[in-house]
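> Okay, so here is coords_16.cif, and as you'll see once you scroll down, it has mmCIF, C-alpha atoms and all ligand atoms.
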```
data_coords
#
loop_
_atom_site.label_atom_id
_atom_site.label_comp_id
_atom_site.auth_asym_id
_atom_site.auth_seq_id
_atom_site.Cartn_x
_atom_site.Cartn_y
_atom_site.Cartn_z
CA MET A 7 -50.97 -58.26 17.24
CA TYR A 8 -52.03 -54.60 16.83
CA GLU A 9 -54.87 -54.74 14.34
CA ARG A 10 -54.52 -52.62 11.21
CA ILE A 11 -57.60 -51.34 9.41
CA ILE A 12 -57.27 -50.22 5.81
CA ASP A 13 -59.52 -47.21 5.35
CA ASP A 14 -59.44 -45.30 2.07
CA ARG A 15 -61.25 -42.35 3.61
CA TRP A 16 -57.99 -41.29 5.24
CA THR A 17 -56.07 -40.99 1.99
CA TYR A 18 -57.41 -37.51 1.19
CA ARG A 19 -56.31 -37.93 -2.38
CA ASP A 20 -57.56 -34.57 -3.69
CA ALA A 21 -57.57 -32.58 -0.50
CA TYR A 22 -56.41 -28.96 -0.65
CA THR A 23 -53.79 -28.77 2.07
CA LYS A 24 -52.74 -25.12 1.92
CA ASP A 25 -55.62 -23.20 3.43
CA TYR A 26 -55.26 -20.90 6.47
CA THR A 27 -51.62 -20.54 7.50
CA HIS A 28 -50.78 -24.02 6.19
CA CYS A 29 -49.56 -22.25 3.04
CA TYR A 30 -46.74 -20.37 4.81
CA HIS A 31 -43.70 -22.58 4.39
CA ASN A 32 -42.79 -25.90 2.86
CA TYR A 33 -41.37 -28.54 5.24
CA PRO A 34 -40.37 -32.19 4.81
CA ALA A 35 -43.05 -34.79 5.54
CA MET A 36 -45.78 -32.30 6.42
CA MET A 37 -48.94 -33.76 7.84
CA ILE A 38 -52.21 -33.36 5.96
CA PRO A 39 -54.40 -30.89 7.90
CA GLN A 40 -57.54 -32.89 7.07
CA ILE A 41 -56.09 -35.86 8.98
CA VAL A 42 -55.59 -33.77 12.10
CA ARG A 43 -59.10 -32.33 11.70
CA ALA A 44 -60.62 -35.82 11.37
CA LEU A 45 -58.63 -37.22 14.31
CA ILE A 46 -59.80 -34.37 16.54
CA ALA A 47 -63.41 -34.94 15.44
CA GLU A 48 -63.46 -38.74 15.61
CA TYR A 49 -61.01 -39.66 18.37
CA ARG A 50 -61.26 -36.80 20.84
CA PRO A 51 -61.01 -38.23 24.35
CA ALA A 52 -64.07 -38.56 26.52
CA GLY A 53 -64.44 -35.64 28.88
CA ARG A 54 -62.38 -32.56 28.33
CA LEU A 55 -60.23 -31.65 25.33
CA ASP A 56 -58.50 -28.52 26.58
CA THR A 57 -54.93 -29.13 25.45
CA LEU A 58 -53.43 -30.80 22.39
CA PHE A 59 -49.74 -31.65 22.27
CA ASP A 60 -47.39 -32.31 19.33
CA PRO A 61 -43.97 -33.56 20.47
CA TYR A 62 -42.39 -33.42 16.98
CA MET A 63 -44.34 -30.49 15.62
CA GLY A 64 -42.28 -29.71 12.49
CA SER A 65 -44.08 -26.91 10.67
CA GLY A 66 -46.95 -26.94 13.18
CA THR A 67 -49.83 -28.52 11.25
CA SER A 68 -51.41 -30.01 14.40
CA LEU A 69 -51.07 -26.74 16.32
CA VAL A 70 -52.73 -24.71 13.58
CA GLU A 71 -55.62 -27.20 13.42
CA ALA A 72 -55.98 -27.21 17.21
CA SER A 73 -56.05 -23.44 17.16
CA ILE A 74 -58.76 -23.35 14.47
CA ALA A 75 -60.78 -25.83 16.55
CA GLY A 76 -60.44 -23.56 19.61
CA ILE A 77 -58.21 -25.97 21.57
CA ASP A 78 -55.10 -24.82 23.48
CA SER A 79 -51.96 -26.43 22.14
CA VAL A 80 -48.31 -26.92 22.87
CA GLY A 81 -45.68 -28.11 20.43
CA ILE A 82 -41.99 -28.92 20.63
CA ASP A 83 -39.20 -29.54 18.15
CA ILE A 84 -35.41 -29.26 18.29
CA ASN A 85 -35.15 -27.72 14.88
CA PRO A 86 -35.08 -23.90 15.34
CA LEU A 87 -36.58 -23.40 11.88
CA ALA A 88 -39.53 -25.63 12.82
CA CYS A 89 -40.07 -23.49 15.93
CA LEU A 90 -39.99 -20.26 13.93
CA ILE A 91 -42.47 -21.56 11.34
CA SER A 92 -44.85 -23.04 13.94
CA ASP A 93 -44.75 -19.93 16.08
CA VAL A 94 -45.57 -17.65 13.14
CA LYS A 95 -48.25 -19.94 11.71
CA THR A 96 -50.15 -19.99 14.99
CA ARG A 97 -49.98 -16.24 15.69
CA HIS A 98 -52.88 -13.94 14.94
CA TYR A 99 -50.78 -11.05 13.64
CA ASP A 100 -52.65 -7.81 13.03
CA SER A 101 -53.30 -8.03 9.27
CA LEU A 102 -53.32 -4.27 8.84
CA GLN A 103 -49.97 -3.94 10.54
CA ILE A 104 -48.53 -6.68 8.31
CA GLU A 105 -49.93 -5.03 5.16
CA LYS A 106 -48.53 -1.67 6.17
CA ASP A 107 -45.13 -3.16 6.80
CA TYR A 108 -45.23 -5.08 3.55
CA GLY A 109 -45.87 -1.74 1.79
CA ARG A 110 -42.74 -0.29 3.46
CA ILE A 111 -40.61 -3.29 2.43
CA ALA A 112 -41.95 -3.33 -1.15
CA GLU A 113 -41.24 0.39 -1.55
CA ARG A 114 -37.65 -0.05 -0.38
CA ILE A 115 -37.15 -3.07 -2.66
CA ASP A 116 -37.99 -0.88 -5.64
CA LYS A 117 -35.07 1.39 -4.73
CA TYR A 118 -32.54 -1.43 -4.29
CA SER A 119 -28.89 -0.82 -5.01
CA GLU A 120 -25.87 -2.83 -3.79
CA LYS A 121 -24.66 0.29 -1.97
CA ALA A 122 -27.71 0.17 0.31
CA VAL A 123 -26.77 -3.29 1.66
CA GLU A 124 -25.45 -2.85 5.21
CA ASP A 125 -24.23 -6.37 6.03
CA THR A 126 -21.99 -7.98 3.43
CA ASN A 127 -20.27 -10.40 5.76
CA PHE A 128 -21.50 -13.90 4.95
CA ASP A 129 -19.09 -15.85 7.15
CA ARG A 130 -21.94 -17.49 9.06
CA ILE A 131 -23.03 -19.23 5.84
CA SER A 132 -20.82 -22.25 5.22
CA ASN A 133 -19.42 -22.19 1.71
CA SER A 134 -21.54 -19.16 0.79
CA GLY A 135 -19.91 -18.80 -2.63
CA TYR A 136 -20.66 -22.43 -3.43
CA TRP A 137 -24.36 -22.09 -2.65
CA TYR A 138 -25.17 -18.55 -3.78
CA SER A 139 -24.23 -16.01 -6.41
CA ARG A 140 -22.95 -12.66 -5.15
CA ASP A 141 -26.08 -10.93 -6.48
CA VAL A 142 -28.38 -13.27 -4.55
CA LEU A 143 -26.37 -12.91 -1.31
CA PHE A 144 -26.60 -9.13 -1.50
CA LYS A 145 -30.33 -9.16 -2.23
CA LEU A 146 -31.03 -11.63 0.59
CA SER A 147 -29.01 -9.44 2.93
CA PHE A 148 -30.98 -6.39 1.85
CA LEU A 149 -34.29 -8.19 2.47
CA THR A 150 -33.04 -9.28 5.90
CA GLN A 151 -32.23 -5.69 6.78
CA LEU A 152 -35.75 -4.58 5.74
CA VAL A 153 -37.46 -7.44 7.53
CA ASP A 154 -35.49 -6.98 10.75
CA ALA A 155 -36.34 -3.27 10.95
CA ASP A 156 -39.67 -3.85 12.71
CA VAL A 157 -39.66 -6.36 15.59
CA ARG A 158 -43.46 -6.58 15.61
CA THR A 159 -43.61 -8.14 12.15
CA ARG A 160 -40.07 -9.45 11.82
CA ASP A 161 -40.78 -13.15 12.31
CA PHE A 162 -43.76 -13.11 9.93
CA PHE A 163 -41.50 -11.85 7.15
CA ARG A 164 -38.59 -14.07 8.22
CA VAL A 165 -40.77 -17.08 7.39
CA VAL A 166 -41.37 -15.56 3.93
CA LEU A 167 -37.66 -14.90 3.52
CA SER A 168 -36.71 -18.36 4.73
CA GLU A 169 -38.25 -20.08 1.72
CA VAL A 170 -36.47 -17.62 -0.59
CA VAL A 171 -33.14 -18.28 1.13
CA ARG A 172 -33.39 -21.95 0.16
CA GLU A 173 -35.01 -21.60 -3.25
CA ALA A 174 -32.59 -18.91 -4.45
CA SER A 175 -29.57 -21.09 -3.60
CA PHE A 176 -27.92 -23.44 -6.06
CA THR A 177 -29.71 -26.36 -4.47
CA ARG A 178 -30.91 -29.05 -6.84
CA ASN A 179 -34.58 -28.39 -7.33
CA GLY A 180 -37.17 -29.93 -5.10
CA GLU A 181 -34.79 -31.96 -2.95
CA PHE A 182 -34.51 -31.83 0.80
CA LYS A 183 -30.87 -32.88 0.83
CA ARG A 184 -27.99 -30.53 0.16
CA PHE A 185 -27.16 -31.38 -3.41
CA ARG A 186 -25.97 -28.60 -5.67
CA MET A 187 -27.37 -28.22 -9.18
CA PRO A 188 -25.02 -29.29 -11.99
CA SER A 189 -22.37 -26.64 -12.76
CA SER A 190 -23.68 -26.41 -16.33
CA ARG A 191 -26.97 -24.96 -15.02
CA ILE A 192 -25.39 -22.34 -12.76
CA PRO A 193 -24.56 -19.62 -15.34
CA ALA A 194 -28.22 -19.49 -16.42
CA PHE A 195 -29.64 -19.54 -12.89
CA HIS A 196 -30.76 -16.00 -11.99
CA PRO A 197 -33.52 -16.32 -9.41
CA ASP A 198 -35.79 -13.30 -9.07
CA VAL A 199 -35.15 -12.90 -5.34
CA PHE A 200 -37.42 -9.90 -4.85
CA GLY A 201 -40.19 -11.35 -7.03
CA MET A 202 -40.11 -14.56 -5.01
CA PHE A 203 -40.27 -12.62 -1.76
CA ARG A 204 -43.24 -10.53 -2.95
CA ALA A 205 -45.22 -13.53 -4.22
CA LYS A 206 -44.68 -15.50 -1.01
CA ALA A 207 -45.49 -12.49 1.19
CA LEU A 208 -48.79 -11.94 -0.63
CA ARG A 209 -49.63 -15.65 -0.40
CA ASN A 210 -48.93 -15.68 3.35
CA MET A 211 -50.90 -12.47 3.91
CA ASP A 212 -53.92 -14.19 2.31
CA GLY A 213 -53.41 -17.16 4.60
CA LEU A 214 -53.21 -14.87 7.63
CA ARG A 215 -56.49 -13.12 6.72
CA GLN A 216 -58.21 -16.49 6.47
CA TYR A 217 -56.70 -17.64 9.78
CA ASN A 218 -57.71 -14.37 11.48
CA SER A 219 -61.30 -14.84 10.30
CA VAL A 220 -61.63 -17.77 12.73
CA ALA A 221 -63.27 -16.37 15.83
CA LEU A 222 -61.51 -18.51 18.43
CA ARG A 223 -58.03 -17.63 19.69
CA PRO A 224 -56.88 -20.29 22.11
CA LYS A 225 -53.44 -20.36 23.70
CA VAL A 226 -50.53 -21.79 21.69
CA GLU A 227 -47.07 -22.54 23.06
CA VAL A 228 -44.09 -23.39 20.87
CA LEU A 229 -40.95 -24.67 22.59
CA ARG A 230 -37.53 -25.66 21.37
CA THR A 231 -37.11 -28.90 23.29
CA ASP A 232 -35.74 -32.39 22.71
CA ALA A 233 -38.59 -34.88 23.06
CA SER A 234 -36.18 -37.67 24.00
CA VAL A 235 -34.60 -35.72 26.84
CA GLY A 236 -37.75 -34.59 28.56
CA MET A 237 -40.38 -31.91 28.75
CA SER A 238 -39.91 -28.88 30.85
CA ALA A 239 -42.32 -29.57 33.70
CA SER A 240 -43.29 -25.91 33.88
CA ASN A 241 -44.70 -26.06 30.37
CA ILE A 242 -45.79 -29.65 29.90
CA GLY A 243 -46.40 -31.13 33.31
CA PRO A 244 -47.28 -34.76 34.06
CA GLU A 245 -50.79 -35.69 32.91
CA SER A 246 -51.38 -32.19 31.59
CA VAL A 247 -52.43 -32.89 28.01
CA ASP A 248 -55.64 -34.48 26.72
CA MET A 249 -54.68 -35.44 23.20
CA VAL A 250 -51.50 -35.91 21.14
CA ILE A 251 -51.56 -35.72 17.35
CA THR A 252 -48.15 -36.03 15.79
CA SER A 253 -46.00 -37.49 13.04
CA PRO A 254 -42.57 -38.50 14.34
CA PRO A 255 -39.58 -39.12 12.11
CA TYR A 256 -39.43 -42.76 10.99
CA GLY A 257 -35.66 -43.05 11.17
CA ASP A 258 -32.58 -40.93 11.74
CA SER A 259 -32.33 -37.78 9.68
CA ARG A 260 -29.20 -38.87 7.80
CA THR A 261 -30.67 -42.00 6.24
CA THR A 262 -34.36 -41.03 6.04
CA VAL A 263 -35.94 -37.58 5.78
CA ALA A 264 -33.25 -34.91 5.86
CA TYR A 265 -34.74 -32.34 8.26
CA GLY A 266 -31.32 -30.96 9.18
CA GLN A 267 -30.15 -30.54 5.60
CA PHE A 268 -33.46 -29.05 4.43
CA SER A 269 -33.36 -26.49 7.23
CA ARG A 270 -29.67 -25.64 7.08
CA TRP A 271 -29.87 -22.80 4.57
CA SER A 272 -32.37 -20.93 6.75
CA ASN A 273 -30.89 -21.94 10.10
CA GLU A 274 -27.49 -20.63 9.00
CA TRP A 275 -28.95 -17.53 7.41
CA PHE A 276 -30.70 -16.50 10.62
CA GLY A 277 -27.75 -17.60 12.78
CA PHE A 278 -29.84 -20.15 14.69
CA ASP A 279 -28.24 -22.66 17.09
CA ASN A 280 -27.07 -26.06 15.84
CA ALA A 281 -27.53 -25.03 12.21
CA ARG A 282 -24.61 -27.18 11.11
CA ASN A 283 -25.03 -30.20 13.34
CA LEU A 284 -28.80 -30.56 13.59
CA ASP A 285 -28.81 -34.11 12.19
CA ASN A 286 -26.58 -35.17 15.10
CA ILE A 287 -29.09 -34.05 17.71
CA LEU A 288 -32.33 -35.13 16.03
CA MET A 289 -33.66 -38.56 17.04
CA GLY A 290 -31.18 -41.25 16.04
CA GLY A 291 -28.33 -38.75 15.65
CA HIS A 292 -26.68 -39.84 18.89
CA LYS A 293 -25.04 -43.27 18.59
CA TYR A 294 -25.70 -45.90 21.24
CA ASP A 295 -23.89 -49.21 21.63
CA ARG A 296 -26.87 -51.22 22.92
CA GLU A 297 -30.66 -51.42 22.99
CA ILE A 298 -32.38 -49.73 25.90
CA PHE A 299 -35.88 -51.05 25.16
CA GLU A 300 -37.46 -54.49 25.06
CA THR A 301 -39.56 -55.45 22.07
CA GLU A 302 -41.41 -58.53 20.92
CA SER A 303 -43.30 -56.88 18.09
CA ILE A 304 -40.30 -56.23 15.84
CA ARG A 305 -37.71 -58.58 17.42
CA SER A 306 -37.33 -60.87 14.42
CA GLU A 307 -36.98 -57.91 12.01
CA LEU A 308 -34.24 -56.36 14.16
CA ASP A 309 -32.45 -59.69 14.45
CA SER A 310 -32.38 -60.18 10.69
CA ILE A 311 -30.95 -56.69 10.15
CA ARG A 312 -28.26 -57.43 12.72
CA GLU A 313 -27.34 -60.64 10.90
CA THR A 314 -26.80 -58.86 7.58
CA ASP A 315 -25.29 -55.55 8.70
CA ALA A 316 -24.21 -54.80 12.26
CA ARG A 317 -23.57 -51.12 11.54
CA ARG A 318 -27.00 -50.51 10.04
CA PHE A 319 -28.50 -52.43 12.96
CA MET A 320 -26.88 -50.02 15.44
CA GLU A 321 -28.17 -47.04 13.44
CA VAL A 322 -31.70 -48.40 13.65
CA ILE A 323 -31.28 -49.13 17.37
CA SER A 324 -29.97 -45.62 18.02
CA PHE A 325 -33.12 -44.17 16.49
CA LEU A 326 -35.43 -46.60 18.31
CA ASN A 327 -33.70 -45.87 21.63
CA ASP A 328 -34.35 -42.14 21.27
CA TYR A 329 -37.88 -42.84 20.02
CA TRP A 330 -38.61 -45.05 23.05
CA LEU A 331 -37.30 -42.35 25.43
CA SER A 332 -39.51 -39.76 23.76
CA ILE A 333 -42.57 -42.05 23.97
CA ARG A 334 -41.97 -42.44 27.72
CA ASN A 335 -41.88 -38.65 28.05
CA VAL A 336 -44.99 -38.13 25.93
CA ALA A 337 -46.87 -40.88 27.76
CA ALA A 338 -46.17 -39.22 31.10
CA ALA A 339 -47.55 -35.92 29.83
CA VAL A 340 -50.93 -37.42 28.84
CA ARG A 341 -53.79 -37.52 31.36
CA HIS A 342 -55.70 -40.72 32.13
CA GLY A 343 -58.31 -41.23 29.41
CA GLY A 344 -56.23 -39.08 27.05
CA VAL A 345 -55.67 -40.20 23.45
CA VAL A 346 -52.51 -40.26 21.35
CA CYS A 347 -52.49 -40.47 17.54
CA TYR A 348 -49.11 -41.18 15.91
CA VAL A 349 -48.88 -41.04 12.13
CA VAL A 350 -45.88 -43.24 11.33
CA GLY A 351 -44.10 -44.71 8.32
CA ASN A 352 -42.60 -48.19 8.15
CA ARG A 353 -39.31 -48.04 6.34
CA THR A 354 -37.25 -50.85 4.90
CA VAL A 355 -33.65 -51.42 5.99
CA LYS A 356 -31.57 -54.08 4.23
CA GLY A 357 -34.74 -55.46 2.68
CA VAL A 358 -36.47 -55.79 6.07
CA ARG A 359 -39.55 -53.70 6.77
CA ILE A 360 -39.55 -52.20 10.26
CA SER A 361 -43.11 -52.04 11.57
CA LEU A 362 -42.82 -48.77 13.46
CA ASP A 363 -46.60 -48.84 13.98
CA TYR A 364 -46.29 -52.07 16.02
CA PHE A 365 -43.30 -50.72 17.91
CA THR A 366 -45.17 -47.48 18.70
CA ALA A 367 -48.21 -49.36 19.97
CA GLU A 368 -46.04 -51.74 22.02
CA MET A 369 -44.04 -48.95 23.66
CA PHE A 370 -47.19 -47.00 24.57
CA GLU A 371 -48.66 -50.20 25.99
CA LYS A 372 -45.64 -50.47 28.27
CA CYS A 373 -46.50 -46.95 29.47
CA GLY A 374 -50.08 -47.86 30.40
CA PHE A 375 -51.99 -47.28 27.15
CA ASP A 376 -54.57 -49.47 25.33
CA HIS A 377 -54.46 -49.87 21.59
CA ILE A 378 -57.69 -48.55 20.04
CA ARG A 379 -56.84 -49.15 16.38
CA THR A 380 -54.28 -48.55 13.66
CA ILE A 381 -55.58 -47.02 10.45
CA VAL A 382 -53.63 -47.75 7.27
CA ARG A 383 -53.72 -44.99 4.68
CA GLY A 384 -52.19 -44.93 1.22
CA ILE A 385 -49.84 -42.06 0.47
CA PRO A 386 -51.32 -40.44 -2.61
CA ASN A 387 -48.46 -38.12 -3.60
CA LYS A 388 -44.89 -37.26 -2.83
CA ARG A 389 -45.61 -35.54 0.46
CA MET A 390 -43.87 -38.37 2.31
CA PRO A 391 -41.10 -39.52 0.03
CA ALA A 392 -41.84 -43.08 -1.01
CA LYS A 393 -38.29 -43.28 -2.18
CA THR A 394 -35.29 -42.05 -0.26
CA SER A 395 -31.60 -42.35 -0.69
CA PRO A 396 -30.54 -44.50 2.28
CA THR A 397 -26.97 -44.59 1.13
CA ASN A 398 -26.77 -40.81 0.78
CA ILE A 399 -25.54 -41.38 -2.75
CA ALA A 400 -27.21 -38.99 -5.17
CA GLY A 401 -29.58 -40.82 -7.46
CA GLU A 402 -29.52 -44.10 -5.54
CA ARG A 403 -33.05 -44.73 -4.44
CA VAL A 404 -34.97 -47.54 -2.86
CA ASP A 405 -38.70 -47.95 -2.26
CA THR A 406 -39.21 -47.55 1.45
CA MET A 407 -42.86 -46.78 2.08
CA ASN A 408 -46.23 -46.66 0.37
CA ASN A 409 -48.52 -46.47 3.35
CA GLU A 410 -48.78 -44.51 6.53
CA TYR A 411 -50.12 -45.92 9.77
CA ILE A 412 -52.18 -43.90 12.23
CA VAL A 413 -51.67 -45.56 15.60
CA ILE A 414 -54.38 -44.59 18.08
CA MET A 415 -53.95 -45.40 21.79
CA ARG A 416 -55.76 -44.41 24.99
CA LYS A 417 -54.17 -43.97 28.41
CA ILE A 418 -55.85 -46.27 30.92
C1 LIG A 501 -42.37 -35.70 10.35
S1 LIG A 501 -41.68 -34.21 10.97
C2 LIG A 501 -43.11 -33.41 11.60
C3 LIG A 501 -43.89 -32.75 10.52
C4 LIG A 501 -45.13 -32.04 11.02
N1 LIG A 501 -46.16 -32.96 11.46
C5 LIG A 501 -45.66 -31.09 9.97
O1 LIG A 501 -46.82 -31.21 9.59
O2 LIG A 501 -44.89 -30.24 9.53
C6 LIG A 501 -40.79 -34.74 12.39
C7 LIG A 501 -40.14 -33.64 13.22
O3 LIG A 501 -39.50 -34.24 14.33
C8 LIG A 501 -38.46 -33.37 14.73
N2 LIG A 501 -37.58 -34.06 15.66
C9 LIG A 501 -36.63 -34.99 15.41
N3 LIG A 501 -36.03 -35.38 16.54
C10 LIG A 501 -36.63 -34.68 17.55
C11 LIG A 501 -36.46 -34.66 18.96
N4 LIG A 501 -35.55 -35.42 19.57
N5 LIG A 501 -37.24 -33.83 19.68
C12 LIG A 501 -38.17 -33.05 19.09
N6 LIG A 501 -38.37 -33.03 17.76
C13 LIG A 501 -37.62 -33.84 17.00
C14 LIG A 501 -37.83 -32.97 13.40
O4 LIG A 501 -37.09 -31.77 13.54
C15 LIG A 501 -39.07 -32.81 12.52
O5 LIG A 501 -39.46 -31.47 12.47
#
```
Output the file's structure as C-alpha cells, nothing else.


Amino acid sequence: MYERIIDDRWTYRDAYTKDYTHCYHNYPAMMIPQIVRALIAEYRPAGRLDTLFDPYMGSGTSLVEASIAGIDSVGIDINPLACLISDVKTRHYDSLQIEKDYGRIAERIDKYSEKAVEDTNFDRISNSGYWYSRDVLFKLSFLTQLVDADVRTRDFFRVVLSEVVREASFTRNGEFKRFRMPSSRIPAFHPDVFGMFRAKALRNMDGLRQYNSVALRPKVEVLRTDASVGMSASNIGPESVDMVITSPPYGDSRTTVAYGQFSRWSNEWFGFDNARNLDNILMGGHKYDREIFETESIRSELDSIRETDARRFMEVISFLNDYWLSIRNVAAAVRHGGVVCYVVGNRTVKGVRISLDYFTAEMFEKCGFDHIRTIVRGIPNKRMPAKTSPTNIAGERVDTMNNEYIVIMRKI
C-alpha cells in the first residue's frame, strides 16, 4: 500500500525542544522542532523553497523553524489562542523594549494591593469561583491591566500571562482536559501568581534574545482560518506554497486531544471568540450524517467500527470528512513539485486501529500527489499522549498510539 519505513533517527529521544521561542508556551501535541528542521533539510522540494505553510499550526513550531531557516511562512488555526502564541513566537520584538516594559511591570507588581485592581468583573469567565480563588482572580486581573498598558509589547506578555491563567486555576495538574483538582487539595493551593509570571517572562525573554540572534527575518503570516472551509485566496492562493509541514489532529477534540478545553481558560480570560464552543468548530466537531469521501485504504477498519458502534462510526466519519475537505484545500495551495509532510497519529476506536497515515496518503493521491515515503517514529515521551480518555470519564484510559507517522508526498 503506502510503504512505511521505521527509522529510529526520527525519534529524537533526548532532543532539547525548548530553544529559541519554542519555550514560550505549552500546547497539546506540540511538534518536535528537530523534526521540522530535518524535514526542511532532507525533503525540501526541488527548485525554490520560498514559502512554507502549516494548515493546523497550533503553537507555531513549523513557522518558527521556517523563520529560523530564512523561509517565508504562513500558518492557520481556528483556535484564537494558537494564533496568539504563533504570532508572538514568530515576531522579532525589540528585546530592549521588552526588557524595559518588564521592568515597569515588575515594579508595579511589587506595589500590588487589591485596591489597585481596576477590573473586578469576571463574568466572562464561566464559573470563575469554581476555577479560581478570589486572590488569584484579582492578581490575574492586575497583571492583565499592567500587560495591556503598552500595545507594543502587550501580546508578548499576554502569552506569558496565558500560561499563568491556566496553571493558577484549580485545574488538575498536567491535564489538558477541564478537570478540577480534588476539593481536599483546594484549601492548600495558593499559587504564587506573580512569581509564576516573573519566571515565565524571564524564560521567554531569553528565548526572544536567542531568536533575535538569528540574522534572517523572513515574512510570517498567522491567520485565524478554518482549514476545512477554505483558505482566503488573498493570503494563500492556489499553488502558492512550496512546502507544507504540519501535524493535524488525529480525531475530534472531544474524544482525542482536548485543544478546546486546554485553551478555554486563556480564551475566556482574553475574551477571544468561540472560547466556550471551540471543540464544536474544530475538525470533527460538526456532525455529518454520511461520508463525503471514498476510501479503499481504511474501508475495512471503518466497516468494522460501524458494525460494533454506529454512533462512534459517525463521530469518526465526521472527523474524516472535515479532514478530507482540509486536505483538498491544502493540496490546491501547493505548487507543482511542492512537498507536503504530515505528522499523524493512528488512534484506536472500538479496538480498531485507524491508519490515518494511509488515509492521508490516499486523499493526497486523489488530489494529484505521489507518495514519497512514510517514516514511522516511536514517541519517546508524553508529548503526544499515548493514552487518552475516549469516554471522557476521568481516569478511564486506553492505549491509543505509540508511533507517529510522517507521510511525505509530492505534487505531480
Ligand atoms: C496537533 S495540533 C498542532 C500542533 C503544532 N504542530 C505545534 O507544534 O504546536 C493541531 C491543531 O489543529 C487545529 N485545528 C483543528 N481543527 C482545525 C481546523 N478546522 N482548521 C484549522 N486548524 C484546526 C487545532 O486547534 C490544533 O491547534

> Counting all atoms listed in the file, what residues are within 7 Å of ligand LIG 501 (chain A), given as number ranges by chain?

A: 33-38, 61-68, 82-85, 88, 231-234, 252-255, 265, 287-289

> Of the residues A:Asp363, A:Thr314, A:Ser272, A:Met415, which is the one nearest to His377 in chain A, using only C-alpha atoms?

A:Met415

> If you measure from CA of Leu284 in chain A to CA of Trp271 in chain A, what distance in Å do you get, rounded to one decimal?

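About the pair CA of Leu284 in chain A and CA of Trp271 in chain A: they are 11.9 Å apart.
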
> Check the smallest atom-to-atom distance from each of A:Val346, A:Val340, A:Leu45, A:Leu90 to Ser246 in chain A using all atoms listed in the file, then report the winner.

A:Val340

> Hey, what's within 8 Å of Val166 in chain A if we count all atoms listed in the file and toss same-chain stuff fewer than 6 positions away? As a ChimeraX atom specification, please?

/A:30-31,203,206-207,210

> I need the chosen residues saved as a PDB file, in the coordinates of the input, with C-alpha atoms.


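Saved as out_32.pdb:
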```pdb
ATOM      1  CA  TYR A  30     -46.740 -20.370   4.810  1.00  0.00           C
ATOM      2  CA  HIS A  31     -43.700 -22.580   4.390  1.00  0.00           C
ATOM      3  CA  PHE A 203     -40.270 -12.620  -1.760  1.00  0.00           C
ATOM      4  CA  LYS A 206     -44.680 -15.500  -1.010  1.00  0.00           C
ATOM      5  CA  ALA A 207     -45.490 -12.490   1.190  1.00  0.00           C
ATOM      6  CA  ASN A 210     -48.930 -15.680   3.350  1.00  0.00           C
TER       7      ASN A 210
END
```

> Closest to Ala44 in chain A among A:Asp56, A:Glu71, A:Asp20, A:Asp93, using all atoms listed in the file?

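That would be A:Glu71, the residue with the smallest distance to Ala44 in chain A.
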
> Could you check the closest approach to Lys117 in chain A for each of A:Lys145, A:Arg97, A:Arg270, A:Arg140 and tell me which residue wins, using all atoms listed in the file?

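Going through A:Lys145, A:Arg97, A:Arg270, A:Arg140 one by one, the smallest distance to Lys117 in chain A is for A:Lys145.
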
> Give me, please, the distance in Å between CA of Asp212 in chain A and CA of Glu105 in chain A, quoted to one decimal.

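Straight-line distance from CA of Asp212 in chain A to CA of Glu105 in chain A works out to 10.4 Å.
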
> Where's the centre, and what are the edge lengths in Å to one decimal, of a box along x, y and z enclosing all listed atoms of range 334-344 of chain A padded 6 Å per side, as JSON?


```
{"center_x": -50.1, "center_y": -39.2, "center_z": 29.0, "size_x": 28.4, "size_y": 18.5, "size_z": 18.2}
```

> Taking all atoms listed in the file into account, which of A:Val165, A:Val247, A:Val94, A:Val123 comes nearest Ser147 in chain A?

A:Val123

> Calculate how many Å separate CA of Ala112 in chain A from CA of Leu149 in chain A, rounding to one decimal.

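We find that CA of Ala112 in chain A and CA of Leu149 in chain A lie 9.8 Å from each other.
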
> For a cut-off of 9 Å around (-34.6, -46.1, 21.4), file coordinates, pick out all residues using all atoms listed in the file and list them as a PyMOL selection string.

chain A and resi 234+289-290+294+297-299+322-332

> From the list A:Phe370, A:Phe375, A:Phe276, A:Tyr256, which residue is nearest Thr354 in chain A when using all atoms listed in the file?

A:Tyr256

> If you count all atoms listed in the file, which residues fall within 8 Å of Ser101 in chain A, apart from same-chain ones fewer than 4 positions away, as an NGL selection string?

:A and (105 or 211 or 214-215)

> At a cut-off of 12 Å, using all atoms listed in the file, what residues contact range 367-369 of chain A? Leave out same-chain residues fewer than 4 positions from it and give the result as an MDAnalysis selection string.

chainID A and resid 7:10 298:305 326:327 329:337 346:350 361:363 373:380 411:417

> Compile the contact shell of Phe163 in chain A as a count of residues only: residues with an atom at most 9 Å away, counting all atoms listed in the file, same-chain residues fewer than 5 positions apart removed.

7

> Report as an MDAnalysis selection string all protein, DNA and RNA residues lying within 7 Å of Glu410 in chain A, evaluated on only C-alpha atoms, omitting residues in the same chain fewer than 3 positions from it.

chainID A and resid 349:351 382:385
